[in-house]
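Participant: What follows is run-v2.txt, compact mmCIF, C-alpha atoms.
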# COMPACT_ATOMS: atom_id res chain seq x y z
CA MET A 1 -24.91 3.40 -18.00
CA ARG A 2 -23.50 0.02 -17.04
CA ARG A 3 -25.94 -1.55 -14.59
CA LEU A 4 -24.61 -3.82 -11.89
CA THR A 5 -25.74 -7.35 -12.50
CA PRO A 6 -25.77 -10.32 -10.12
CA VAL A 7 -22.81 -11.69 -12.10
CA ALA A 8 -20.88 -8.50 -11.43
CA ILE A 9 -21.73 -8.65 -7.73
CA CYS A 10 -20.51 -12.26 -7.56
CA ALA A 11 -17.31 -11.27 -9.36
CA ILE A 12 -16.71 -8.52 -6.80
CA ALA A 13 -17.11 -11.04 -4.00
CA LEU A 14 -14.77 -13.47 -5.78
CA CYS A 15 -12.10 -10.82 -6.23
CA SER A 16 -12.42 -9.98 -2.56
CA THR A 17 -11.83 -13.45 -1.18
CA LYS A 18 -9.31 -15.08 -3.49
CA GLY A 19 -5.63 -14.68 -3.72
CA PHE A 20 -2.97 -12.96 -1.70
CA ALA A 21 -0.52 -8.86 -1.89
CA GLN A 22 2.10 -6.29 -1.45
CA GLU A 23 1.59 -2.70 -2.53
CA SER A 24 0.12 -2.38 -5.98
CA ALA A 25 -0.19 0.78 -8.06
CA LEU A 26 -3.51 2.25 -7.01
CA SER A 27 -4.90 0.46 -3.99
CA LEU A 28 -4.05 0.78 -0.32
CA ALA A 29 -1.82 -1.66 1.56
CA ALA A 30 -0.98 -2.10 5.24
CA THR A 31 2.63 -1.27 4.45
CA GLN A 32 4.71 1.73 5.45
CA PRO A 33 8.31 2.91 5.55
CA ALA A 34 10.55 2.07 8.49
CA LYS A 35 10.78 4.49 11.39
CA GLY A 36 12.52 7.65 10.28
CA ARG A 37 12.48 6.70 6.59
CA ILE A 38 10.64 8.44 3.74
CA THR A 39 9.03 7.11 0.61
CA TRP A 40 8.32 9.45 -2.27
CA ARG A 41 5.77 8.45 -4.84
CA GLU A 42 5.04 10.21 -8.10
CA GLN A 43 2.14 8.85 -10.05
CA ALA A 44 0.67 10.12 -13.33
CA ARG A 45 -2.88 9.11 -14.20
CA PHE A 46 -4.95 9.72 -17.27
CA GLU A 47 -8.72 9.22 -17.02
CA ARG A 48 -11.41 9.76 -19.62
CA TYR A 49 -14.91 10.44 -18.28
CA GLU A 50 -18.29 11.09 -19.79
CA LEU A 51 -20.74 13.45 -18.13
CA ASN A 52 -24.08 14.29 -19.70
CA GLY A 53 -22.74 13.36 -23.13
CA GLU A 54 -19.59 15.44 -22.76
CA GLN A 55 -16.14 13.84 -22.91
CA ILE A 56 -13.78 14.97 -20.16
CA ASP A 57 -10.09 14.07 -20.06
CA GLN A 58 -8.33 14.38 -16.74
CA PHE A 59 -4.59 14.13 -16.23
CA THR A 60 -3.51 13.91 -12.60
CA ILE A 61 -0.06 13.85 -11.07
CA ASP A 62 -0.10 12.66 -7.47
CA THR A 63 2.90 13.60 -5.37
CA ARG A 64 2.92 11.54 -2.21
CA LEU A 65 5.36 11.65 0.67
CA THR A 66 5.16 9.11 3.48
CA TYR A 67 7.22 9.36 6.65
CA GLY A 68 7.61 6.57 9.18
CA LEU A 69 6.85 8.26 12.52
CA ARG A 70 7.18 5.01 14.42
CA LYS A 71 7.71 1.41 13.44
CA ASP A 72 3.94 1.05 13.15
CA VAL A 73 2.72 4.58 12.34
CA ALA A 74 3.26 6.53 9.13
CA LEU A 75 2.17 9.99 8.04
CA THR A 76 1.28 10.58 4.38
CA LEU A 77 0.75 13.78 2.45
CA ASN A 78 -0.70 13.50 -1.04
CA VAL A 79 -0.78 16.54 -3.31
CA PRO A 80 -2.53 16.15 -6.67
CA THR A 81 -1.99 18.40 -9.67
CA ILE A 82 -4.84 18.21 -12.16
CA LEU A 83 -5.19 19.17 -15.81
CA ARG A 84 -8.77 18.80 -16.98
CA ASP A 85 -9.74 19.11 -20.61
CA ARG A 86 -13.46 19.32 -21.36
CA GLU A 87 -14.83 18.51 -24.79
CA ASN A 88 -16.90 21.68 -24.95
CA GLY A 89 -13.70 23.64 -24.33
CA ILE A 90 -15.37 26.32 -22.25
CA ALA A 91 -14.53 25.04 -18.83
CA ASP A 92 -11.00 23.61 -18.86
CA GLN A 93 -9.61 23.44 -15.35
CA ASP A 94 -5.97 23.18 -14.34
CA GLY A 95 -4.35 23.49 -10.96
CA LEU A 96 -3.89 21.86 -7.60
CA GLY A 97 -6.47 19.40 -6.38
CA ASP A 98 -7.36 18.80 -2.76
CA SER A 99 -4.46 17.42 -0.72
CA THR A 100 -4.90 14.57 1.70
CA LEU A 101 -3.15 14.12 5.03
CA SER A 102 -3.43 10.69 6.60
CA LEU A 103 -2.08 8.54 9.40
CA LYS A 104 -1.71 4.80 9.02
CA TRP A 105 -1.41 2.70 12.17
CA ARG A 106 -0.43 -0.93 11.76
CA PHE A 107 -2.05 -2.36 14.87
CA TRP A 108 -1.55 -6.04 14.13
CA GLN A 109 1.24 -7.94 12.46
CA ASN A 110 2.10 -11.59 12.18
CA ASP A 111 5.17 -12.75 10.27
CA PRO A 112 5.08 -16.55 10.07
CA ALA A 113 8.04 -17.01 7.70
CA PRO A 114 10.99 -15.11 6.17
CA ILE A 115 8.97 -13.73 3.26
CA ASP A 116 5.43 -14.06 4.58
CA THR A 117 3.55 -11.41 6.51
CA ASN A 118 0.01 -10.59 7.60
CA ARG A 119 -0.83 -7.03 8.59
CA LEU A 120 -3.85 -5.01 9.63
CA ALA A 121 -3.81 -1.23 9.69
CA LEU A 122 -6.18 1.59 10.48
CA LEU A 123 -6.18 4.64 8.26
CA ALA A 124 -7.42 8.03 9.40
CA GLY A 125 -7.14 11.11 7.28
CA VAL A 126 -8.60 14.34 6.10
CA ARG A 127 -8.95 15.83 2.65
CA LEU A 128 -7.98 19.47 2.79
CA PRO A 129 -9.57 22.23 0.70
CA THR A 130 -6.29 23.14 -0.96
CA GLY A 131 -7.50 22.80 -4.54
CA THR A 132 -8.11 25.59 -6.99
CA ASP A 133 -11.63 26.70 -7.85
CA GLY A 134 -13.51 24.05 -9.75
CA LEU A 135 -11.17 21.31 -8.58
CA SER A 136 -11.69 21.57 -4.82
CA SER A 137 -14.58 20.15 -2.85
CA ASP A 138 -14.03 23.09 -0.45
CA GLY A 139 -14.58 20.81 2.51
CA TRP A 140 -12.51 19.36 5.31
CA ASP A 141 -13.47 15.78 4.61
CA PRO A 142 -12.49 13.17 7.22
CA MET A 143 -11.80 9.61 6.17
CA LEU A 144 -11.44 6.32 8.05
CA GLY A 145 -10.34 2.96 6.74
CA LEU A 146 -9.29 -0.57 7.60
CA ILE A 147 -6.56 -2.25 5.54
CA PHE A 148 -5.41 -5.85 5.40
CA THR A 149 -2.28 -7.12 3.70
CA ARG A 150 -1.05 -10.66 3.32
CA VAL A 151 2.10 -11.79 1.58
CA ALA A 152 2.63 -15.51 1.15
CA ASP A 153 5.67 -16.39 -0.94
CA ARG A 154 4.82 -15.39 -4.55
CA HIS A 155 1.32 -14.20 -3.72
CA GLY A 156 0.03 -11.08 -2.09
CA ILE A 157 -3.38 -9.64 -1.35
CA ASN A 158 -4.52 -6.29 -0.08
CA ALA A 159 -8.03 -5.38 0.96
CA ALA A 160 -9.17 -2.00 2.21
CA LEU A 161 -12.50 -0.59 3.23
CA THR A 162 -12.60 3.21 3.54
CA TYR A 163 -15.32 5.71 4.31
CA GLN A 164 -14.98 9.38 3.46
CA VAL A 165 -17.40 11.92 4.90
CA SER A 166 -18.18 14.82 2.61
CA THR A 167 -18.55 18.16 4.37
CA ASP A 168 -18.93 20.11 1.14
CA GLY A 169 -18.64 19.28 -2.53
CA LEU A 170 -18.43 20.31 -6.12
CA ALA A 171 -21.59 21.01 -8.05
CA GLY A 172 -21.50 18.70 -11.06
CA PRO A 173 -18.76 16.39 -9.78
CA ILE A 174 -16.85 14.18 -12.20
CA VAL A 175 -14.84 11.91 -9.91
CA ALA A 176 -16.30 9.74 -7.12
CA GLY A 177 -16.10 11.38 -3.71
CA THR A 178 -15.80 14.95 -4.93
CA GLY A 179 -19.50 15.79 -4.66
CA SER A 180 -21.47 16.43 -1.51
CA ASP A 181 -22.13 12.76 -0.74
CA ASP A 182 -20.14 10.36 1.43
CA LEU A 183 -18.03 7.71 -0.29
CA LEU A 184 -17.57 4.08 0.73
CA THR A 185 -14.79 2.30 -1.16
CA LEU A 186 -13.78 -1.35 -1.16
CA GLU A 187 -10.37 -1.92 -2.69
CA THR A 188 -8.87 -5.35 -3.25
CA SER A 189 -5.73 -6.31 -5.07
CA TYR A 190 -3.79 -9.44 -5.91
CA LEU A 191 -0.12 -9.55 -6.79
CA TYR A 192 1.71 -12.48 -8.29
CA ARG A 193 5.49 -12.42 -8.33
CA LEU A 194 6.44 -13.31 -11.91
CA ALA A 195 10.16 -13.27 -11.34
CA PRO A 196 12.16 -14.47 -9.63
CA GLY A 197 10.22 -17.66 -8.99
CA ALA A 198 12.15 -18.12 -5.77
CA TYR A 199 14.23 -15.56 -3.91
CA THR A 200 17.90 -16.22 -3.52
CA SER A 201 20.49 -14.55 -1.36
CA GLU A 202 21.36 -12.33 -4.35
CA THR A 203 17.83 -11.21 -5.33
CA ALA A 204 17.78 -7.47 -5.95
CA ALA A 205 14.53 -6.95 -7.88
CA SER A 206 11.16 -8.53 -8.60
CA TRP A 207 8.48 -8.37 -11.28
CA TYR A 208 4.83 -8.62 -10.27
CA LEU A 209 1.61 -9.06 -12.17
CA THR A 210 -1.19 -7.21 -10.40
CA ILE A 211 -4.96 -7.03 -10.57
CA GLU A 212 -6.81 -4.40 -8.58
CA SER A 213 -10.52 -3.98 -7.99
CA PHE A 214 -12.34 -0.88 -6.76
CA VAL A 215 -15.97 -0.54 -5.79
CA ASP A 216 -17.10 3.02 -5.06
CA TYR A 217 -20.47 3.53 -3.42
CA GLU A 218 -21.74 7.04 -2.75
CA THR A 219 -24.61 7.84 -0.42
CA ASN A 220 -26.53 9.36 -3.33
CA GLY A 221 -26.84 5.82 -4.69
CA ASP A 222 -24.10 5.95 -7.32
CA ILE A 223 -22.04 2.77 -7.46
CA ALA A 224 -19.21 1.77 -9.78
CA TRP A 225 -16.79 -1.11 -10.12
CA ARG A 226 -13.40 -0.66 -11.79
CA VAL A 227 -10.55 -3.07 -12.29
CA ALA A 228 -6.91 -2.33 -13.00
CA PRO A 229 -4.61 -5.07 -14.29
CA GLY A 230 -1.02 -4.00 -14.06
CA LEU A 231 2.68 -4.65 -13.93
CA LEU A 232 5.06 -3.74 -11.12
CA TYR A 233 8.85 -3.71 -11.03
CA GLU A 234 10.37 -3.49 -7.59
CA ALA A 235 14.05 -2.88 -7.00
CA LYS A 236 15.75 -2.22 -3.68
CA ARG A 237 15.33 1.55 -3.72
CA PHE A 238 12.57 2.16 -6.27
CA THR A 239 9.42 0.73 -7.78
CA LEU A 240 7.90 1.29 -11.22
CA GLU A 241 4.20 0.69 -11.74
CA PHE A 242 1.90 0.56 -14.75
CA SER A 243 -1.85 -0.05 -14.69
CA PRO A 244 -4.66 0.54 -17.15
CA VAL A 245 -8.01 1.15 -15.42
CA LEU A 246 -11.21 -0.27 -16.86
CA PRO A 247 -14.82 0.18 -15.79
CA ILE A 248 -16.69 -3.08 -15.35
CA ALA A 249 -20.12 -2.03 -14.12
CA ASP A 250 -21.73 1.08 -12.76
CA ASP A 251 -25.01 2.68 -11.86
CA ILE A 252 -24.23 6.39 -11.87
CA ASP A 253 -26.63 9.31 -12.01
CA HIS A 254 -24.81 12.13 -10.22
CA ARG A 255 -21.27 12.33 -11.63
CA GLY A 256 -19.06 11.40 -14.56
CA GLU A 257 -18.71 7.83 -15.79
CA LEU A 258 -15.19 6.50 -16.32
CA ASP A 259 -14.48 5.33 -19.88
CA TRP A 260 -10.92 4.21 -19.24
CA GLY A 261 -7.79 5.23 -17.43
CA LEU A 262 -4.06 4.64 -17.23
CA ALA A 263 -1.63 4.99 -14.34
CA LEU A 264 2.17 5.19 -14.39
CA GLY A 265 4.10 5.58 -11.20
CA LEU A 266 7.46 5.69 -9.48
CA ARG A 267 8.18 5.09 -5.80
CA VAL A 268 11.52 5.84 -4.21
CA LEU A 269 12.71 4.83 -0.75
CA PHE A 270 14.94 7.25 1.16
CA MET B 1 -30.32 -3.60 -5.24
CA LEU B 2 -27.81 -1.01 -4.08
CA PHE B 3 -28.40 -1.92 -0.45
CA LYS B 4 -27.75 -5.56 -1.28
CA SER B 5 -24.60 -4.60 -3.15
CA THR B 6 -23.34 -2.66 -0.17
CA ALA B 7 -24.16 -5.52 2.16
CA VAL B 8 -22.27 -7.98 -0.05
CA ILE B 9 -19.23 -5.71 -0.17
CA THR B 10 -19.21 -5.15 3.60
CA LEU B 11 -19.68 -8.82 4.45
CA THR B 12 -16.95 -9.81 2.01
CA ALA B 13 -14.48 -7.43 3.62
CA ALA B 14 -15.44 -8.62 7.11
CA THR B 15 -15.08 -12.27 6.10
CA LEU B 16 -11.68 -11.63 4.58
CA THR B 17 -10.48 -9.85 7.70
CA LEU B 18 -11.78 -12.45 10.14
CA GLY B 19 -10.47 -15.28 7.97
CA ALA B 20 -7.05 -13.73 7.99
CA CYS B 21 -7.07 -13.39 11.79
CA GLY B 22 -8.15 -16.98 12.22
CA SER B 23 -5.58 -18.47 9.89
CA THR B 24 -2.44 -16.83 11.22
CA GLN B 25 0.17 -18.53 13.32
CA THR B 26 1.77 -17.36 16.51
CA ARG B 27 5.51 -17.72 16.88
CA THR B 28 7.52 -17.02 19.94
CA ASP B 29 10.60 -14.90 19.77
CA SER B 30 13.20 -17.43 20.80
CA PRO B 31 16.98 -17.49 20.60
CA SER B 32 18.64 -19.92 18.23
CA GLY B 33 20.11 -22.03 20.98
CA SER B 34 23.64 -21.42 19.80
CA THR B 35 26.34 -21.18 22.42
CA ASN B 36 27.09 -17.73 20.99
CA ALA B 37 23.59 -16.42 21.66
CA MET B 38 23.72 -13.36 23.90
CA THR B 39 21.33 -11.82 26.36
CA SER B 40 19.70 -8.61 25.14
CA ASP B 41 21.78 -6.09 27.10
CA GLU B 42 25.14 -7.82 27.06
CA SER B 43 27.68 -5.84 25.06
CA VAL B 44 29.84 -7.76 22.67
CA TYR B 45 32.76 -6.93 20.42
CA ALA B 46 32.20 -9.02 17.30
CA SER B 47 33.08 -8.96 13.63
CA GLN B 48 29.77 -10.29 12.40
CA ALA B 49 26.19 -10.85 13.50
CA THR B 50 23.78 -13.22 11.84
CA MET B 51 20.09 -12.60 12.45
CA ARG B 52 16.96 -14.54 11.62
CA VAL B 53 14.17 -12.18 10.54
CA ASP B 54 10.61 -12.87 9.35
CA GLY B 55 8.18 -10.83 7.26
CA LEU B 56 10.68 -9.47 4.74
CA GLY B 57 8.31 -9.79 1.79
CA CYS B 58 10.17 -8.00 -0.99
CA PRO B 59 13.50 -6.53 -2.18
CA MET B 60 12.53 -3.05 -0.98
CA CYS B 61 11.78 -4.50 2.47
CA ALA B 62 15.27 -5.95 2.50
CA GLU B 63 16.74 -2.57 1.66
CA SER B 64 14.75 -1.02 4.52
CA ILE B 65 16.52 -3.36 6.90
CA SER B 66 19.91 -2.27 5.61
CA LEU B 67 18.92 1.38 6.05
CA VAL B 68 17.71 1.00 9.63
CA LEU B 69 20.68 -1.15 10.60
CA GLY B 70 22.89 1.68 9.38
CA SER B 71 21.77 3.66 12.43
CA VAL B 72 23.53 1.19 14.75
CA GLU B 73 27.03 2.50 15.42
CA ALA B 74 28.82 -0.84 15.22
CA VAL B 75 27.25 -1.81 11.88
CA GLU B 76 29.52 -1.38 8.88
CA SER B 77 27.45 -3.16 6.23
CA SER B 78 24.65 -5.68 5.93
CA HIS B 79 23.35 -8.26 3.52
CA VAL B 80 19.85 -9.72 3.42
CA ASP B 81 19.13 -13.21 2.17
CA LEU B 82 15.41 -12.96 1.41
CA SER B 83 14.95 -16.65 0.75
CA ASN B 84 15.98 -17.69 4.24
CA GLY B 85 15.33 -14.53 6.22
CA ILE B 86 19.00 -14.27 7.14
CA VAL B 87 20.46 -10.84 7.75
CA THR B 88 24.25 -10.87 7.92
CA VAL B 89 25.80 -7.80 9.46
CA ASP B 90 29.46 -6.88 9.30
CA LEU B 91 30.42 -5.18 12.55
CA ASN B 92 33.29 -3.00 13.65
CA PRO B 93 34.98 -5.29 16.20
CA ARG B 94 36.24 -2.27 18.14
CA VAL B 95 32.72 -0.96 18.80
CA ALA B 96 30.45 -2.64 21.32
CA VAL B 97 27.03 -3.79 20.22
CA THR B 98 24.12 -5.49 21.96
CA SER B 99 21.51 -7.80 20.56
CA ARG B 100 18.94 -5.30 21.85
CA GLN B 101 20.32 -2.65 19.48
CA LEU B 102 20.06 -4.95 16.50
CA ARG B 103 16.64 -6.17 17.50
CA SER B 104 15.42 -2.61 17.93
CA ALA B 105 16.60 -1.71 14.43
CA ILE B 106 14.76 -4.70 12.95
CA ASP B 107 11.62 -3.74 14.91
CA ASP B 108 11.84 -0.16 13.65
CA GLY B 109 11.93 -1.53 10.13
CA GLY B 110 8.60 -3.22 10.72
CA PHE B 111 9.88 -6.78 10.69
CA THR B 112 9.97 -9.63 13.19
CA PHE B 113 13.29 -10.38 14.84
CA ARG B 114 13.80 -14.05 15.73
CA SER B 115 17.38 -14.53 16.84
CA VAL B 116 20.96 -13.35 16.55
CA GLU B 117 24.33 -15.02 16.72
CA PHE B 118 27.61 -13.15 16.99
CA THR B 119 30.92 -14.20 15.48
CA LYS B 120 33.96 -12.87 17.27
Output the file's structure as structure tokens, nothing else.
Facilitator:
Amino acid sequence: MRRLTPVAICAIALCSTKGFAQESALSLAATQPAKGRITWREQARFERYELNGEQIDQFTIDTRLTYGLRKDVALTLNVPTILRDRENGIADQDGLGDSTLSLKWRFWQNDPAPIDTNRLALLAGVRLPTGTDGLSSDGWDPMLGLIFTRVADRHGINAALTYQVSTDGLAGPIVAGTGSDDLLTLETSYLYRLAPGAYTSETAASWYLTIESFVDYETNGDIAWRVAPGLLYEAKRFTLEFSPVLPIADDIDHRGELDWGLALGLRVLF
Amino acid sequence: MLFKSTAVITLTAATLTLGACGSTQTRTDSPSGSTNAMTSDESVYASQATMRVDGLGCPMCAESISLVLGSVEAVESSHVDLSNGIVTVDLNPRVAVTSRQLRSAIDDGGFTFRSVEFTK
């Protein structure tokens, strides 16, 4: 058990107030496709957990489609496919996880310069009990969030605060938010454009260095802080993303503890 | 301890949000002042339009603009200069276009239209 220390708390606060972002691999951003356009995102994640001394490996493929309903409203459907390998071998679980349907409404936007933008969005969604037995929370879990995005030349920040109400839950949950307790999450991310240093009229792609921070607090008292340094390549029609996920501090008594994780993703604009 | 942690997280998010609101600038949507500037509903037959757009942010954003501009009948092709926020649009000179149509496409893309100039 990694106890949260005052140093860790200060580091969380520091991560939350410094820097600037676009859309990094794992965290939310107040961005969305144009009206009538679709983005398709396929992300593979590997996570190793420990629960009561047992090692659990989880491989998740998230398929996410986002459609721009209006210039400021987008609808997203996320369908996870999960392969779970348990060390004791007697309870491997494979199948669909719970899908999530969400609406993002960008209610405020200020673009002070050609590249720079500031955006605030509200997120409302519901997690649907579409998962197979052992992978589904079996609840219709509503979720609400507030997202801020700022892009200033080579720098970008995203910050999101979300609250998910649990209407049911797994017994013996492994992942945060899949038990019967509500989940409050603070996500922050910083992106630094490595190349090109300055855009030109011919710029067609960019490289970004990213650092993401996640704090998950459940109403049963479990709290965990993860960070994910990563690399992002963004071309005109697609984005490639790579991020290892590392636990920094946690105080968890009711679910699995993350040992480490890895995320690889592809986004395509249609 | 956990309550304090939650309080710190919440206050940090609130501070970040309020700070962002307080530090932003307000810009009016004004025409460039060029003699070629058109009123929103006035149809024009032109070979090119040059727009000033803010909030482009990234190469994929630029591509979004090209995609939404493709829905305007008169638009044949477009090029986005990210560094200066200049969107150059090649138009079919035999098809009428209004600045409102171009502005609407930029708005639908989620960006901020500033001005447009037409070249006959």
Participant: Return as JSON lines the residues of chain A lying at most 6 Å from chain B, together with the closest atom-to-atom pair for each and the distance in Å to one decimal, counting all atoms listed in the file, with rows in chain order and ascending residue number.
Facilitator:
{"residue": "A:Ala34", "atom": "CA", "partner": "B:Gly109", "partner_atom": "CA", "distance": 4.2}
{"residue": "A:Lys35", "atom": "CA", "partner": "B:Asp108", "partner_atom": "CA", "distance": 5.3}
{"residue": "A:Lys71", "atom": "CA", "partner": "B:Asp108", "partner_atom": "CA", "distance": 4.4}
{"residue": "A:Asp111", "atom": "CA", "partner": "B:Gly55", "partner_atom": "CA", "distance": 4.7}
{"residue": "A:Ala113", "atom": "CA", "partner": "B:Asp54", "partner_atom": "CA", "distance": 5.1}
{"residue": "A:Pro114", "atom": "CA", "partner": "B:Asp54", "partner_atom": "CA", "distance": 3.9}
{"residue": "A:Ile115", "atom": "CA", "partner": "B:Gly57", "partner_atom": "CA", "distance": 4.3}
{"residue": "A:Asp116", "atom": "CA", "partner": "B:Gly55", "partner_atom": "CA", "distance": 5.0}
{"residue": "A:Thr117", "atom": "CA", "partner": "B:Gly55", "partner_atom": "CA", "distance": 4.7}
{"residue": "A:Tyr199", "atom": "CA", "partner": "B:Ser83", "partner_atom": "CA", "distance": 4.8}
{"residue": "A:Thr200", "atom": "CA", "partner": "B:Ser83", "partner_atom": "CA", "distance": 5.2}
{"residue": "A:Ser201", "atom": "CA", "partner": "B:Asp81", "partner_atom": "CA", "distance": 4.0}
{"residue": "A:Ala204", "atom": "CA", "partner": "B:Pro59", "partner_atom": "CA", "distance": 5.8}
{"residue": "A:Ala205", "atom": "CA", "partner": "B:Pro59", "partner_atom": "CA", "distance": 5.8}
{"residue": "A:Lys236", "atom": "CA", "partner": "B:Met60", "partner_atom": "CA", "distance": 4.3}
Participant: Suppose you want the space between CA of Ile38 in chain A and CA of Gln109 in chain A; what is it in Å?
Facilitator: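 We find that CA of Ile38 in chain A and CA of Gln109 in chain A lie 20.8 Å from each other.
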Participant: Contacts of Ala176 in chain A at 12 Å or less, counting all atoms listed in the file, minus same-chain residues fewer than 5 places along, as a VMD selection string?
Facilitator: chain A and resid 49 137 164 166 169 to 170 181 to 185 214 to 226 250 252 to 258
Participant: Which residues are close to Pro196 in chain A, i.e. within 8 Å by only C-alpha atoms, leaving aside same-chain residues fewer than 4 positions away? Reply as a list in words.
Facilitator: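 Residues meeting the cut-off are Thr203, Ser206 and Trp207 of chain A.
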Participant: So how far away is CA of Ala160 in chain A from CA of Gly230 in chain A, in Å?
Facilitator: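 Calculated distance between CA of Gly230 in chain A and CA of Ala160 in chain A is 18.3 Å.
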Participant: Pick the closest to Gln43 in chain A from A:Glu87, A:Asp251, A:Asp62, A:Glu187: which is it, counting all atoms listed in the file?
Facilitator: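 Closest residue, counting all atoms listed in the file: A:Asp62.
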Participant: If we count only C-alpha atoms and set the cut-off at 12 Å, which residues sit around Asp41 in chain B, ignoring sequence neighbours fewer than 6 positions away in its own chain? Please answer as a PyMOL selection string.
Facilitator: chain B and resi 96-104
Participant: Put those residues in a file: C-alpha atoms, as an mmCIF file, in the coordinates of the input.
Facilitator:
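Heads up, here's the output in part11.cif:
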data_model
loop_
_atom_site.group_PDB
_atom_site.id
_atom_site.type_symbol
_atom_site.label_atom_id
_atom_site.label_comp_id
_atom_site.auth_asym_id
_atom_site.auth_seq_id
_atom_site.Cartn_x
_atom_site.Cartn_y
_atom_site.Cartn_z
ATOM 1 C CA ALA B 96 30.450 -2.640 21.320
ATOM 2 C CA VAL B 97 27.030 -3.790 20.220
ATOM 3 C CA THR B 98 24.120 -5.490 21.960
ATOM 4 C CA SER B 99 21.510 -7.800 20.560
ATOM 5 C CA ARG B 100 18.940 -5.300 21.850
ATOM 6 C CA GLN B 101 20.320 -2.650 19.480
ATOM 7 C CA LEU B 102 20.060 -4.950 16.500
ATOM 8 C CA ARG B 103 16.640 -6.170 17.500
ATOM 9 C CA SER B 104 15.420 -2.610 17.930
#
Participant: Hey, what's within 6 Å of Tyr192 in chain A if we count only C-alpha atoms and toss same-chain stuff fewer than 3 positions away? As a PDB file with C-alpha atoms, in the coordinates of the input, please?
Facilitator:
ATOM      1  CA  ARG A 154       4.820 -15.390  -4.550  1.00  0.00           C
ATOM      2  CA  HIS A 155       1.320 -14.200  -3.720  1.00  0.00           C
ATOM      3  CA  TYR A 208       4.830  -8.620 -10.270  1.00  0.00           C
ATOM      4  CA  LEU A 209       1.610  -9.060 -12.170  1.00  0.00           C
TER       5      LEU A 209
END
Participant: Quick one: distance from CA of Asn52 in chain A to CA of Leu262 in chain A in Å, one decimal?
Facilitator: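 That distance, rounded to one decimal, is 22.4 Å.
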Participant: Select, from A:Thr162, A:Thr188, A:Gly89, A:Glu241, the residue with the minimum atom-to-atom distance to Ile211 in chain A, counting all atoms listed in the file.
Facilitator: A:Thr188
Participant: Would you mind listing what lies within 10 Å of Phe107 in chain A as a compact mmCIF listing (two decimals) with C-alpha atoms, in the coordinates of the input, with only C-alpha atoms counted and same-chain residues fewer than 4 positions away left out?
Facilitator:
# COMPACT_ATOMS: atom_id res chain seq x y z
CA ALA A 30 -0.98 -2.10 5.24
CA ASP A 72 3.94 1.05 13.15
CA VAL A 73 2.72 4.58 12.34
CA ARG A 119 -0.83 -7.03 8.59
CA LEU A 120 -3.85 -5.01 9.63
CA ALA A 121 -3.81 -1.23 9.69
CA LEU A 122 -6.18 1.59 10.48
